[in-house]
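Visitor: For reference, this is upload.cif, and it has mmCIF, C-alpha atoms and all ligand atoms.
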data_protein
#
loop_
_atom_site.label_atom_id
_atom_site.label_comp_id
_atom_site.auth_asym_id
_atom_site.auth_seq_id
_atom_site.Cartn_x
_atom_site.Cartn_y
_atom_site.Cartn_z
CA MET A 1176 -61.91 56.31 73.17
CA ASN A 1177 -63.45 57.32 69.85
CA LEU A 1178 -60.65 58.12 67.43
CA VAL A 1179 -60.58 59.43 63.87
CA VAL A 1180 -57.52 58.86 61.66
CA ALA A 1181 -57.16 60.95 58.48
CA GLY A 1182 -54.98 59.15 55.91
CA GLY A 1183 -55.11 55.43 55.13
CA GLY A 1184 -51.44 55.12 54.16
CA TYR A 1185 -48.55 53.59 55.97
CA VAL A 1186 -48.65 55.71 59.12
CA GLY A 1187 -52.44 56.07 59.23
CA LEU A 1188 -53.04 52.34 59.06
CA ALA A 1189 -50.36 51.45 61.59
CA THR A 1190 -51.84 54.07 63.94
CA ALA A 1191 -55.46 53.02 63.35
CA VAL A 1192 -54.84 49.29 63.64
CA GLY A 1193 -52.48 49.87 66.57
CA PHE A 1194 -55.15 51.74 68.59
CA ALA A 1195 -57.97 49.39 67.52
CA ARG A 1196 -55.90 46.47 68.87
CA HIS A 1197 -55.75 48.30 72.21
CA GLY A 1198 -59.53 48.47 72.54
CA HIS A 1199 -60.37 51.83 70.95
CA GLN A 1200 -63.07 52.56 68.38
CA VAL A 1201 -61.32 53.90 65.27
CA GLN A 1202 -62.66 55.51 62.08
CA VAL A 1203 -60.14 55.88 59.25
CA VAL A 1204 -60.82 58.30 56.39
CA ASP A 1205 -58.92 58.46 53.10
CA ILE A 1206 -59.75 60.81 50.23
CA ASP A 1207 -59.04 57.98 47.78
CA PRO A 1208 -62.32 55.96 47.64
CA GLU A 1209 -60.70 53.06 45.74
CA ARG A 1210 -58.00 52.72 48.38
CA ALA A 1211 -60.66 52.86 51.10
CA GLN A 1212 -62.64 50.09 49.42
CA ARG A 1213 -59.53 47.88 49.15
CA LEU A 1214 -58.69 48.55 52.79
CA ARG A 1215 -62.20 47.44 53.83
CA GLU A 1216 -61.41 44.18 52.02
CA GLY A 1217 -58.12 43.90 53.93
CA ALA A 1218 -55.90 44.64 50.91
CA LEU A 1219 -52.93 46.92 51.60
CA PRO A 1220 -51.37 49.10 48.90
CA PHE A 1221 -47.89 48.15 50.20
CA VAL A 1222 -46.06 45.23 51.80
CA GLU A 1223 -46.02 45.23 55.61
CA PRO A 1224 -45.83 42.09 57.74
CA SER A 1225 -49.04 41.23 59.70
CA LEU A 1226 -50.70 44.62 59.06
CA ALA A 1227 -53.15 43.24 56.46
CA GLU A 1228 -54.21 40.40 58.79
CA GLU A 1229 -54.70 42.78 61.72
CA LEU A 1230 -56.59 45.24 59.51
CA THR A 1231 -58.96 42.48 58.38
CA ARG A 1232 -59.43 41.31 61.96
CA THR A 1233 -60.15 44.77 63.40
CA VAL A 1234 -62.53 45.64 60.51
CA ALA A 1235 -64.40 42.34 61.02
CA SER A 1236 -64.68 42.92 64.78
CA GLY A 1237 -66.20 46.37 64.19
CA ALA A 1238 -63.36 48.14 66.05
CA LEU A 1239 -62.18 49.83 62.85
CA THR A 1240 -64.21 51.36 60.02
CA VAL A 1241 -62.88 52.90 56.80
CA HIS A 1242 -64.48 55.87 55.01
CA GLY A 1243 -63.71 56.76 51.39
CA GLY A 1244 -64.05 60.55 51.67
CA TYR A 1245 -65.19 62.58 54.67
CA PRO A 1246 -68.68 61.74 55.98
CA ASP A 1247 -71.04 64.54 57.04
CA SER A 1248 -70.29 63.56 60.61
CA PHE A 1249 -67.93 61.24 62.47
CA GLY A 1250 -69.95 61.95 65.60
CA PRO A 1251 -68.03 63.12 68.65
CA ALA A 1252 -64.38 62.06 68.57
CA ASP A 1253 -61.93 62.28 71.46
CA LEU A 1254 -58.90 62.74 69.20
CA ALA A 1255 -58.42 63.20 65.43
CA PHE A 1256 -55.06 62.01 64.09
CA VAL A 1257 -53.68 63.51 60.89
CA CYS A 1258 -51.51 61.00 59.02
CA VAL A 1259 -51.63 62.36 55.46
CA ASP A 1260 -48.60 62.61 53.16
CA THR A 1261 -46.34 65.67 53.26
CA SER A 1262 -44.31 65.64 50.07
CA PRO A 1263 -41.30 67.91 49.58
CA THR A 1264 -41.70 71.31 47.93
CA GLU A 1265 -39.17 72.63 45.39
CA ALA A 1266 -37.45 74.50 48.22
CA GLY A 1267 -36.93 71.19 50.08
CA ASP A 1268 -39.28 71.82 53.00
CA LEU A 1269 -42.54 69.88 53.44
CA ASP A 1270 -45.78 70.71 51.68
CA SER A 1271 -48.46 71.20 54.35
CA SER A 1272 -51.40 71.66 51.94
CA ARG A 1273 -52.73 68.15 52.62
CA ILE A 1274 -52.49 68.70 56.37
CA VAL A 1275 -54.50 71.93 55.99
CA ALA A 1276 -57.09 70.19 53.77
CA ALA A 1277 -57.46 67.28 56.23
CA VAL A 1278 -57.88 69.59 59.22
CA ASP A 1279 -60.45 71.73 57.35
CA ASP A 1280 -62.47 68.57 56.65
CA LEU A 1281 -62.08 67.31 60.22
CA ALA A 1282 -63.22 70.70 61.52
CA ARG A 1283 -66.47 70.23 59.55
CA SER A 1284 -67.14 66.57 60.32
CA VAL A 1285 -66.00 66.04 63.92
CA GLU A 1286 -68.61 67.15 66.43
CA GLY A 1287 -67.67 69.19 69.50
CA TYR A 1288 -64.23 70.35 70.63
CA LEU A 1289 -61.64 69.28 68.04
CA ARG A 1290 -58.39 67.79 69.34
CA VAL A 1291 -56.12 67.43 66.32
CA VAL A 1292 -53.01 65.24 66.62
CA ILE A 1293 -50.52 65.68 63.78
CA ARG A 1294 -48.68 62.42 63.24
CA SER A 1295 -47.39 63.28 59.77
CA THR A 1296 -43.89 64.74 59.54
CA VAL A 1297 -44.20 68.51 59.21
CA ASN A 1298 -42.14 71.71 59.14
CA PRO A 1299 -41.63 73.29 62.57
CA GLY A 1300 -44.43 75.82 63.07
CA THR A 1301 -47.13 73.80 61.29
CA ALA A 1302 -49.22 73.11 64.43
CA ARG A 1303 -49.16 76.79 65.32
CA MET A 1304 -50.19 77.74 61.77
CA ILE A 1305 -53.09 75.23 61.86
CA GLU A 1306 -54.22 76.41 65.29
CA GLU A 1307 -54.26 80.03 64.08
CA ARG A 1308 -56.28 78.98 61.04
CA LEU A 1309 -58.86 77.18 63.19
CA ARG A 1310 -59.03 80.17 65.54
CA ALA A 1311 -59.63 82.49 62.56
CA HIS A 1312 -62.57 80.26 61.62
CA GLU A 1313 -63.75 80.39 65.26
CA ARG A 1314 -63.57 76.60 65.51
CA PRO A 1315 -62.98 75.48 69.12
CA ALA A 1316 -59.90 73.29 68.79
CA THR A 1317 -56.37 72.49 69.87
CA VAL A 1318 -53.53 71.08 67.78
CA MET A 1319 -50.95 68.63 69.14
CA VAL A 1320 -47.98 66.92 67.53
CA ASN A 1321 -47.19 63.23 68.06
CA PRO A 1322 -44.62 62.20 65.45
CA GLU A 1323 -44.42 58.61 64.24
CA PHE A 1324 -41.04 56.85 64.36
CA LEU A 1325 -42.03 53.46 62.91
CA ARG A 1326 -39.77 51.62 60.47
CA GLU A 1327 -41.30 50.06 57.37
CA GLY A 1328 -41.25 46.28 57.85
CA THR A 1329 -41.86 46.43 61.63
CA ALA A 1330 -44.67 48.99 61.80
CA LEU A 1331 -46.97 47.31 64.35
CA LEU A 1332 -44.10 46.16 66.53
CA ASP A 1333 -42.72 49.71 66.56
CA PHE A 1334 -46.19 51.04 67.42
CA ASP A 1335 -46.42 48.79 70.48
CA PHE A 1336 -42.77 48.98 71.54
CA PRO A 1337 -41.30 52.33 70.47
CA SER A 1338 -38.00 53.55 71.91
CA ARG A 1339 -39.86 56.71 73.08
CA ARG A 1340 -43.01 58.67 72.41
CA VAL A 1341 -43.04 62.39 71.76
CA VAL A 1342 -46.15 64.49 72.35
CA GLY A 1343 -46.25 68.25 71.97
CA GLY A 1344 -48.91 70.89 72.47
CA CYS A 1345 -50.15 73.55 74.86
CA ASP A 1346 -53.58 72.28 75.99
CA ALA A 1347 -52.71 70.29 79.14
CA GLU A 1348 -56.04 68.43 79.27
CA ALA A 1349 -55.84 67.37 75.63
CA LEU A 1350 -52.21 66.27 76.11
CA ASP A 1351 -53.26 64.21 79.16
CA MET A 1352 -55.89 62.52 77.00
CA LEU A 1353 -53.33 61.77 74.28
CA CYS A 1354 -50.80 60.44 76.81
CA SER A 1355 -53.43 58.18 78.41
CA LEU A 1356 -53.88 56.46 75.04
CA TYR A 1357 -50.32 55.22 75.35
CA ALA A 1358 -50.77 53.89 78.90
CA PHE A 1359 -50.25 50.34 77.52
CA SER A 1360 -46.59 51.17 76.88
CA ASP A 1361 -43.79 51.94 79.30
CA ALA A 1362 -41.71 53.67 76.61
CA PRO A 1363 -40.25 56.96 77.84
CA LEU A 1364 -42.53 59.89 77.09
CA ILE A 1365 -41.19 63.28 76.02
CA ARG A 1366 -43.95 65.80 76.72
CA THR A 1367 -43.20 69.16 75.22
CA ASP A 1368 -44.51 71.97 73.01
CA ALA A 1369 -45.60 71.46 69.40
CA ALA A 1370 -42.60 73.11 67.67
CA THR A 1371 -40.19 70.97 69.71
CA ALA A 1372 -42.06 67.77 68.80
CA GLU A 1373 -42.06 68.79 65.13
CA LEU A 1374 -38.32 69.44 65.12
CA ILE A 1375 -37.48 66.23 67.02
CA LYS A 1376 -38.89 64.18 64.14
CA LEU A 1377 -36.87 66.00 61.47
CA ALA A 1378 -33.71 65.94 63.58
CA VAL A 1379 -34.00 62.19 64.16
CA ASN A 1380 -34.20 61.31 60.47
CA ALA A 1381 -31.55 63.84 59.49
CA SER A 1382 -29.24 62.33 62.13
CA LEU A 1383 -29.88 58.80 60.83
CA ALA A 1384 -29.04 60.02 57.33
CA VAL A 1385 -25.78 61.50 58.65
CA ARG A 1386 -24.88 58.14 60.20
CA VAL A 1387 -25.41 56.33 56.89
CA SER A 1388 -23.23 58.84 55.05
CA MET A 1389 -20.63 58.71 57.82
CA ALA A 1390 -20.51 54.91 57.51
CA ASN A 1391 -20.05 55.26 53.75
CA GLU A 1392 -17.24 57.79 54.06
CA ILE A 1393 -15.44 55.56 56.59
CA ALA A 1394 -16.00 52.57 54.26
CA TYR A 1395 -14.58 54.42 51.21
CA LEU A 1396 -11.52 55.34 53.24
CA ALA A 1397 -11.09 51.80 54.57
CA ASP A 1398 -11.40 50.46 51.04
CA SER A 1399 -8.74 52.83 49.69
CA ALA A 1400 -6.43 52.22 52.66
CA GLY A 1401 -6.64 48.45 52.24
CA ALA A 1402 -8.45 48.06 55.58
CA ASP A 1403 -11.34 45.67 56.15
CA VAL A 1404 -14.51 47.79 55.91
CA LYS A 1405 -16.68 45.48 58.01
CA SER A 1406 -14.16 45.23 60.85
CA VAL A 1407 -13.48 48.97 60.87
CA LEU A 1408 -17.19 49.73 61.24
CA ALA A 1409 -17.65 46.95 63.80
CA GLY A 1410 -14.85 48.53 65.80
CA VAL A 1411 -16.41 51.98 65.51
CA GLY A 1412 -19.94 50.80 66.35
CA ALA A 1413 -18.79 48.73 69.33
CA ASP A 1414 -18.13 51.98 71.14
CA PRO A 1415 -21.32 52.49 73.18
CA ARG A 1416 -21.11 56.23 72.56
CA ILE A 1417 -21.54 55.49 68.84
CA GLY A 1418 -23.44 52.18 68.49
CA MET A 1419 -24.00 50.00 65.42
CA ASP A 1420 -27.43 51.25 64.24
CA TYR A 1421 -27.45 52.71 60.72
CA LEU A 1422 -23.70 52.13 60.43
CA SER A 1423 -24.13 49.80 57.44
CA PRO A 1424 -22.34 51.09 54.36
CA GLY A 1425 -23.71 50.67 50.84
CA LEU A 1426 -25.42 52.67 48.12
CA GLY A 1427 -26.75 55.16 50.69
CA PHE A 1428 -30.09 56.02 52.20
CA GLY A 1429 -33.49 56.24 50.49
CA GLY A 1430 -37.11 55.56 51.36
CA SER A 1431 -40.05 57.79 52.10
CA CYS A 1432 -38.52 59.50 55.13
CA LEU A 1433 -34.74 59.95 55.43
CA PRO A 1434 -34.00 61.93 52.25
CA LYS A 1435 -37.20 63.98 52.55
CA ASP A 1436 -36.75 64.80 56.23
CA LEU A 1437 -33.03 65.52 55.85
CA ASN A 1438 -33.85 68.02 53.11
CA ALA A 1439 -36.68 69.51 55.18
CA LEU A 1440 -34.27 70.06 58.07
CA ARG A 1441 -31.74 71.66 55.72
CA ALA A 1442 -34.45 73.90 54.25
CA THR A 1443 -35.59 74.90 57.74
CA SER A 1444 -32.00 75.72 58.70
CA ARG A 1445 -31.65 77.86 55.57
CA ALA A 1446 -34.90 79.67 56.37
CA PHE A 1447 -33.56 80.55 59.83
CA GLY A 1448 -30.08 81.39 58.50
CA VAL A 1449 -28.55 78.61 60.60
CA PRO A 1450 -25.55 76.62 59.26
CA SER A 1451 -26.19 72.98 58.31
CA ALA A 1452 -22.88 71.96 56.72
CA LEU A 1453 -22.96 68.50 58.32
CA PHE A 1454 -26.45 67.78 56.99
CA ASP A 1455 -25.60 69.23 53.57
CA GLY A 1456 -22.57 66.92 53.54
CA ALA A 1457 -24.73 63.88 54.29
CA ALA A 1458 -26.88 64.68 51.26
CA ASN A 1459 -23.83 65.22 49.04
CA THR A 1460 -22.23 61.95 50.12
CA ASN A 1461 -25.48 60.16 49.28
CA GLY A 1462 -25.36 61.54 45.73
CA ALA A 1463 -21.67 60.66 45.43
CA ALA A 1464 -22.47 57.02 46.32
CA ILE A 1465 -24.22 56.64 42.97
CA GLU A 1466 -21.47 58.41 41.03
CA ARG A 1467 -18.92 56.07 42.61
CA VAL A 1468 -20.77 52.92 41.47
CA VAL A 1469 -21.38 54.32 37.99
CA GLY A 1470 -17.70 55.31 37.69
CA ARG A 1471 -16.43 51.88 38.73
CA THR A 1472 -18.91 50.18 36.40
CA LEU A 1473 -17.77 52.29 33.45
CA GLY A 1474 -14.17 51.45 34.36
CA LEU A 1475 -14.95 47.73 34.22
CA LEU A 1476 -16.71 48.11 30.87
CA ASP A 1477 -13.92 50.14 29.31
CA GLY A 1478 -12.92 48.62 25.99
CA ARG A 1479 -15.65 45.99 26.00
CA GLU A 1480 -17.95 45.34 23.11
CA THR A 1481 -20.91 44.50 25.33
CA ARG A 1482 -22.06 46.90 28.06
CA ARG A 1483 -24.68 44.87 29.91
CA VAL A 1484 -25.33 45.68 33.55
CA CYS A 1485 -27.73 44.04 35.99
CA VAL A 1486 -28.90 45.84 39.15
CA VAL A 1487 -30.07 43.47 41.90
CA GLY A 1488 -32.33 45.11 44.50
CA LEU A 1489 -34.59 48.02 43.56
CA ALA A 1490 -36.57 48.73 46.74
CA PHE A 1491 -35.02 51.29 49.08
CA LYS A 1492 -34.25 48.40 51.43
CA PRO A 1493 -34.44 44.59 51.24
CA GLU A 1494 -37.77 42.81 51.88
CA SER A 1495 -39.75 45.88 50.82
CA ASP A 1496 -41.72 46.81 47.69
CA SER A 1497 -41.20 50.54 48.26
CA ILE A 1498 -39.07 52.36 45.70
CA ARG A 1499 -39.76 55.83 47.13
CA SER A 1500 -36.49 57.81 46.84
CA SER A 1501 -34.71 54.54 46.20
CA GLN A 1502 -30.99 55.02 45.51
CA SER A 1503 -31.17 51.90 43.37
CA ILE A 1504 -33.70 53.45 40.99
CA ARG A 1505 -31.46 56.52 40.75
CA LEU A 1506 -28.53 54.23 40.00
CA VAL A 1507 -30.48 52.51 37.20
CA GLN A 1508 -31.35 55.90 35.70
CA ALA A 1509 -27.72 57.06 35.95
CA LEU A 1510 -26.50 53.85 34.25
CA MET A 1511 -29.02 54.33 31.45
CA GLY A 1512 -27.78 57.92 31.14
CA GLU A 1513 -24.41 56.35 30.25
CA ARG A 1514 -26.17 54.41 27.45
CA LEU A 1515 -25.67 51.05 29.11
CA SER A 1516 -28.07 48.19 28.64
CA VAL A 1517 -29.62 47.64 32.07
CA SER A 1518 -31.51 44.66 33.52
CA VAL A 1519 -33.02 44.70 36.98
CA TYR A 1520 -34.04 42.06 39.51
CA ASP A 1521 -36.22 42.55 42.58
CA PRO A 1522 -39.39 40.42 42.49
CA LEU A 1523 -41.11 42.32 45.35
CA ALA A 1524 -40.54 45.76 43.84
CA THR A 1525 -40.92 44.99 40.11
CA ALA A 1526 -44.48 46.34 39.80
CA ASN A 1527 -43.63 49.65 41.46
CA ALA A 1528 -40.36 49.94 39.51
CA ARG A 1529 -42.17 49.34 36.23
CA ALA A 1530 -44.39 52.36 36.94
CA VAL A 1531 -41.26 54.55 37.07
CA LEU A 1532 -38.82 52.89 34.67
CA GLY A 1533 -41.37 51.59 32.14
CA ASP A 1534 -39.87 49.51 29.35
CA THR A 1535 -36.46 51.19 29.46
CA VAL A 1536 -34.95 48.22 31.33
CA GLU A 1537 -35.33 44.46 31.21
CA TYR A 1538 -37.06 42.92 34.25
CA LEU A 1539 -35.54 39.55 35.17
CA ASP A 1540 -37.65 36.78 36.73
CA SER A 1541 -34.58 34.99 38.03
CA LEU A 1542 -30.83 35.44 38.33
CA GLU A 1543 -30.11 31.97 36.98
CA THR A 1544 -28.32 33.12 33.82
CA ALA A 1545 -27.46 36.65 35.02
CA GLY A 1546 -23.77 35.77 35.35
CA GLU A 1547 -23.60 34.69 31.70
CA ASP A 1548 -25.76 37.48 30.32
CA HIS A 1549 -24.09 40.49 31.97
CA ASP A 1550 -20.69 42.10 32.22
CA VAL A 1551 -21.34 43.72 35.58
CA ILE A 1552 -23.86 42.84 38.28
CA ILE A 1553 -24.46 45.43 40.99
CA GLU A 1554 -25.66 43.87 44.21
CA VAL A 1555 -27.48 46.71 45.97
CA HIS A 1556 -29.13 44.47 48.58
CA PRO A 1557 -26.26 42.58 50.25
CA GLY A 1558 -26.08 38.84 49.65
CA THR A 1559 -28.69 38.71 46.88
CA THR A 1560 -26.29 37.37 44.24
CA ARG A 1561 -25.11 34.50 46.44
CA GLY A 1562 -25.21 31.28 44.41
CA VAL A 1563 -25.33 33.03 41.01
CA ARG A 1564 -23.04 31.26 38.51
CA LEU A 1565 -20.63 33.80 37.05
CA HIS A 1566 -18.90 33.55 33.68
CA PRO A 1567 -15.25 34.71 33.66
CA GLY A 1568 -16.03 38.12 32.17
CA CYS A 1569 -18.65 39.06 34.75
CA THR A 1570 -17.89 41.10 37.89
CA VAL A 1571 -20.24 41.57 40.83
CA LEU A 1572 -19.96 44.94 42.64
CA ASP A 1573 -21.53 45.78 45.98
CA GLY A 1574 -23.17 49.08 46.94
CA LEU A 1575 -19.72 50.49 47.76
CA ALA A 1576 -18.55 49.55 44.24
CA ARG A 1577 -16.20 46.85 45.57
CA PRO A 1578 -15.96 43.46 43.84
CA VAL A 1579 -18.03 40.86 45.68
CA CYS A 1580 -16.77 37.37 46.21
CA HIS A 1581 -19.28 35.14 47.98
CA VAL A 1582 -17.63 32.39 49.98
CA ASP A 1583 -20.12 29.70 50.95
N1 LIG A 1601 -43.90 55.72 55.75
C1 LIG A 1601 -43.16 55.82 56.85
O1 LIG A 1601 -42.34 54.95 57.16
C2 LIG A 1601 -43.32 57.01 57.77
C3 LIG A 1601 -42.78 56.93 59.07
C4 LIG A 1601 -42.93 58.02 59.91
C5 LIG A 1601 -43.56 59.18 59.46
N2 LIG A 1601 -44.04 59.25 58.18
C6 LIG A 1601 -44.73 60.49 57.78
O2 LIG A 1601 -46.14 60.27 57.91
C7 LIG A 1601 -46.86 60.94 56.87
C8 LIG A 1601 -47.67 59.94 56.07
O3 LIG A 1601 -46.77 59.04 55.47
P1 LIG A 1601 -47.30 57.71 54.76
O4 LIG A 1601 -46.06 56.96 54.36
O5 LIG A 1601 -48.31 57.06 55.62
O6 LIG A 1601 -48.00 58.33 53.46
P2 LIG A 1601 -48.85 57.54 52.35
O7 LIG A 1601 -48.61 58.28 51.09
O8 LIG A 1601 -48.56 56.08 52.43
O9 LIG A 1601 -50.34 57.74 52.80
C9 LIG A 1601 -50.98 58.98 52.87
C10 LIG A 1601 -52.47 58.76 52.68
O10 LIG A 1601 -53.15 59.97 52.99
C11 LIG A 1601 -54.23 60.09 52.06
N3 LIG A 1601 -54.67 61.50 52.08
C12 LIG A 1601 -54.10 62.57 51.44
N4 LIG A 1601 -54.78 63.69 51.74
C13 LIG A 1601 -55.78 63.34 52.59
C14 LIG A 1601 -56.79 64.06 53.28
N5 LIG A 1601 -56.94 65.38 53.14
N6 LIG A 1601 -57.63 63.37 54.08
C15 LIG A 1601 -57.52 62.02 54.22
N7 LIG A 1601 -56.59 61.29 53.59
C16 LIG A 1601 -55.72 61.94 52.81
C17 LIG A 1601 -53.67 59.59 50.76
O11 LIG A 1601 -54.72 59.23 49.85
C18 LIG A 1601 -52.85 58.40 51.23
O12 LIG A 1601 -53.62 57.20 51.24
C19 LIG A 1601 -45.81 61.70 56.05
O13 LIG A 1601 -45.68 62.99 56.58
C20 LIG A 1601 -44.52 60.90 56.33
O14 LIG A 1601 -43.37 61.68 56.18
C21 LIG A 1601 -43.94 58.17 57.33
#
Would you give me this structure, written as structure tokens?
Guide:
Amino acid sequence: MNLVVAGGGYVGLATAVGFARHGHQVQVVDIDPERAQRLREGALPFVEPSLAEELTRTVASGALTVHGGYPDSFGPADLAFVCVDTSPTEAGDLDSSRIVAAVDDLARSVEGYLRVVIRSTVNPGTARMIEERLRAHERPATVMVNPEFLREGTALLDFDFPSRRVVGGCDAEALDMLCSLYAFSDAPLIRTDAATAELIKLAVNASLAVRVSMANEIAYLADSAGADVKSVLAGVGADPRIGMDYLSPGLGFGGSCLPKDLNALRATSRAFGVPSALFDGAANTNGAAIERVVGRTLGLLDGRETRRVCVVGLAFKPESDSIRSSQSIRLVQALMGERLSVSVYDPLATANARAVLGDTVEYLDSLETAGEDHDVIIEVHPGTTRGVRLHPGCTVLDGLARPVCHVD
């Protein structure tokens, strides 16, 4: 098929490269011409295993082309995927202005009947709103929703082997066409209406956020009760009705999706006057995770002349350069708010962190002397301080604010 993908970010590239690898002709368009140029050269603006290689390969083979800005015409396209960013508004729901702008441009530059597939995460009702807008402009079109569930770090693997696919819309022929694109996969398919598909995506991420906060609350309790946190959670997760996924306690959840989508679900609930106490609680617990670590750190520094703290791990998860909604960055800012001298260590994420934290912190190249130079080290990414030589006055805390003792 001939496919157009609007948005050359994380989701757009995984989608475009994913379909190009399955034999389709894909045109990607991004409004950022510099990004488009770098993508044509195979350079990604983020770290993602094997995506850069596959992008280079599919561009070289001619299966994938990248436009910087919308061309006058893409020619006829079977499906046009919208993968642009949807940042949160002040009210907590998702800003759909970029979706609207992308669809307006697609409506001008795709020839013939326009089959829009929204892959971005959107507020329930967005597809209907877009369809009404296109109808008002008398543009023959249909709008479907096909949310993306990939995890950063395994994007292409998740594209090929998802746990399920969700497609929503009301034009049966267009939905058939979209479903046939996924014929290579035997993942269960949930075929539904657009609003349902939109809400499934928000509900999934909000539920994952609840699990992380639940794991943290259980861990805090285990810690206070003198129980072994790891074993308690292993015992909980071994129950097949619960499972182990996202039951890892620590500084809480961050990243480009969980906090944003949790808040969008809460905002949607508020708009409908529906209670969301459980989801509100998950957000509160996530905030409290930072207060807990700051409180314990201040307790350890009480009465000391030096107040030097090192935070190890800045990206929202290990092996990533993404600091979007990173709890670790929030922790650094909270520690600086307490007038502590803060150093940070995360080689992969240093460049992105520098753009946010500037020169307010010291960026370490290695942890070799961290144990001598700091009073407290906070190990946000588990295991990253293993092997660091500690001087007697230095304590290592984990993301739950418990002292860490690495036994090799
Ligand atoms: N990153 C993830 O892990 C992930 C996973 C699932 C879903 N999502 C959702 O997918 C959407 C995209 O996320 P992302 O992480 O890929 O965002 P991103 O910020 O990495 O990329 C978005 C890209 O869209 C481009 N863009 C903006 N407006 C445009 C327009 N009108 N036309 C063409 N390009 C335009 C931007 O220049 C940018 O390159 C969001 O709604 C997000 O919530 C993200």
Visitor: For a quick check of your reading of the model, name the residues lying within 12 Å of the coordinate (-11.1, 48.6, 52.9), counting all atoms listed in the file, and write them as an NGL selection string.
Guide: :A and (1391-1408 or 1424 or 1575-1578)
Visitor: With distances taken over only C-alpha atoms, which residue among A:Pro1493, A:Gly1429, A:Pro1263, A:Gly1344 lies nearest Ala1302 of chain A?
Guide: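 Using only C-alpha atoms, the shortest distance to Ala1302 of chain A belongs to A:Gly1344.
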Visitor: Output the neighbourhood of ligand LIG 1601 (chain A) as an mmCIF file with C-alpha atoms, in the frame of the given file, that is, all protein and nucleic acid residues with some atom at most 9 Å from the ligand, counting all atoms listed in the file.
Guide:
data_model
loop_
_atom_site.group_PDB
_atom_site.id
_atom_site.type_symbol
_atom_site.label_atom_id
_atom_site.label_comp_id
_atom_site.auth_asym_id
_atom_site.auth_seq_id
_atom_site.Cartn_x
_atom_site.Cartn_y
_atom_site.Cartn_z
ATOM 1 C CA VAL A 1180 -57.520 58.860 61.660
ATOM 2 C CA ALA A 1181 -57.160 60.950 58.480
ATOM 3 C CA GLY A 1182 -54.980 59.150 55.910
ATOM 4 C CA GLY A 1183 -55.110 55.430 55.130
ATOM 5 C CA GLY A 1184 -51.440 55.120 54.160
ATOM 6 C CA TYR A 1185 -48.550 53.590 55.970
ATOM 7 C CA VAL A 1186 -48.650 55.710 59.120
ATOM 8 C CA GLY A 1187 -52.440 56.070 59.230
ATOM 9 C CA LEU A 1188 -53.040 52.340 59.060
ATOM 10 C CA ALA A 1189 -50.360 51.450 61.590
ATOM 11 C CA VAL A 1203 -60.140 55.880 59.250
ATOM 12 C CA VAL A 1204 -60.820 58.300 56.390
ATOM 13 C CA ASP A 1205 -58.920 58.460 53.100
ATOM 14 C CA ILE A 1206 -59.750 60.810 50.230
ATOM 15 C CA ASP A 1207 -59.040 57.980 47.780
ATOM 16 C CA PRO A 1208 -62.320 55.960 47.640
ATOM 17 C CA ARG A 1210 -58.000 52.720 48.380
ATOM 18 C CA ALA A 1211 -60.660 52.860 51.100
ATOM 19 C CA PRO A 1220 -51.370 49.100 48.900
ATOM 20 C CA PHE A 1221 -47.890 48.150 50.200
ATOM 21 C CA GLY A 1243 -63.710 56.760 51.390
ATOM 22 C CA GLY A 1244 -64.050 60.550 51.670
ATOM 23 C CA TYR A 1245 -65.190 62.580 54.670
ATOM 24 C CA VAL A 1257 -53.680 63.510 60.890
ATOM 25 C CA CYS A 1258 -51.510 61.000 59.020
ATOM 26 C CA VAL A 1259 -51.630 62.360 55.460
ATOM 27 C CA ASP A 1260 -48.600 62.610 53.160
ATOM 28 C CA THR A 1261 -46.340 65.670 53.260
ATOM 29 C CA SER A 1262 -44.310 65.640 50.070
ATOM 30 C CA LEU A 1269 -42.540 69.880 53.440
ATOM 31 C CA SER A 1271 -48.460 71.200 54.350
ATOM 32 C CA SER A 1272 -51.400 71.660 51.940
ATOM 33 C CA ARG A 1273 -52.730 68.150 52.620
ATOM 34 C CA ILE A 1274 -52.490 68.700 56.370
ATOM 35 C CA VAL A 1275 -54.500 71.930 55.990
ATOM 36 C CA ALA A 1276 -57.090 70.190 53.770
ATOM 37 C CA ALA A 1277 -57.460 67.280 56.230
ATOM 38 C CA VAL A 1278 -57.880 69.590 59.220
ATOM 39 C CA ASP A 1279 -60.450 71.730 57.350
ATOM 40 C CA ASP A 1280 -62.470 68.570 56.650
ATOM 41 C CA LEU A 1281 -62.080 67.310 60.220
ATOM 42 C CA ARG A 1294 -48.680 62.420 63.240
ATOM 43 C CA SER A 1295 -47.390 63.280 59.770
ATOM 44 C CA THR A 1296 -43.890 64.740 59.540
ATOM 45 C CA VAL A 1297 -44.200 68.510 59.210
ATOM 46 C CA PRO A 1322 -44.620 62.200 65.450
ATOM 47 C CA GLU A 1323 -44.420 58.610 64.240
ATOM 48 C CA PHE A 1324 -41.040 56.850 64.360
ATOM 49 C CA LEU A 1325 -42.030 53.460 62.910
ATOM 50 C CA ARG A 1326 -39.770 51.620 60.470
ATOM 51 C CA GLU A 1327 -41.300 50.060 57.370
ATOM 52 C CA GLY A 1328 -41.250 46.280 57.850
ATOM 53 C CA ALA A 1330 -44.670 48.990 61.800
ATOM 54 C CA LYS A 1376 -38.890 64.180 64.140
ATOM 55 C CA GLY A 1430 -37.110 55.560 51.360
ATOM 56 C CA SER A 1431 -40.050 57.790 52.100
ATOM 57 C CA CYS A 1432 -38.520 59.500 55.130
ATOM 58 C CA LEU A 1433 -34.740 59.950 55.430
ATOM 59 C CA LYS A 1435 -37.200 63.980 52.550
ATOM 60 C CA ASP A 1436 -36.750 64.800 56.230
#
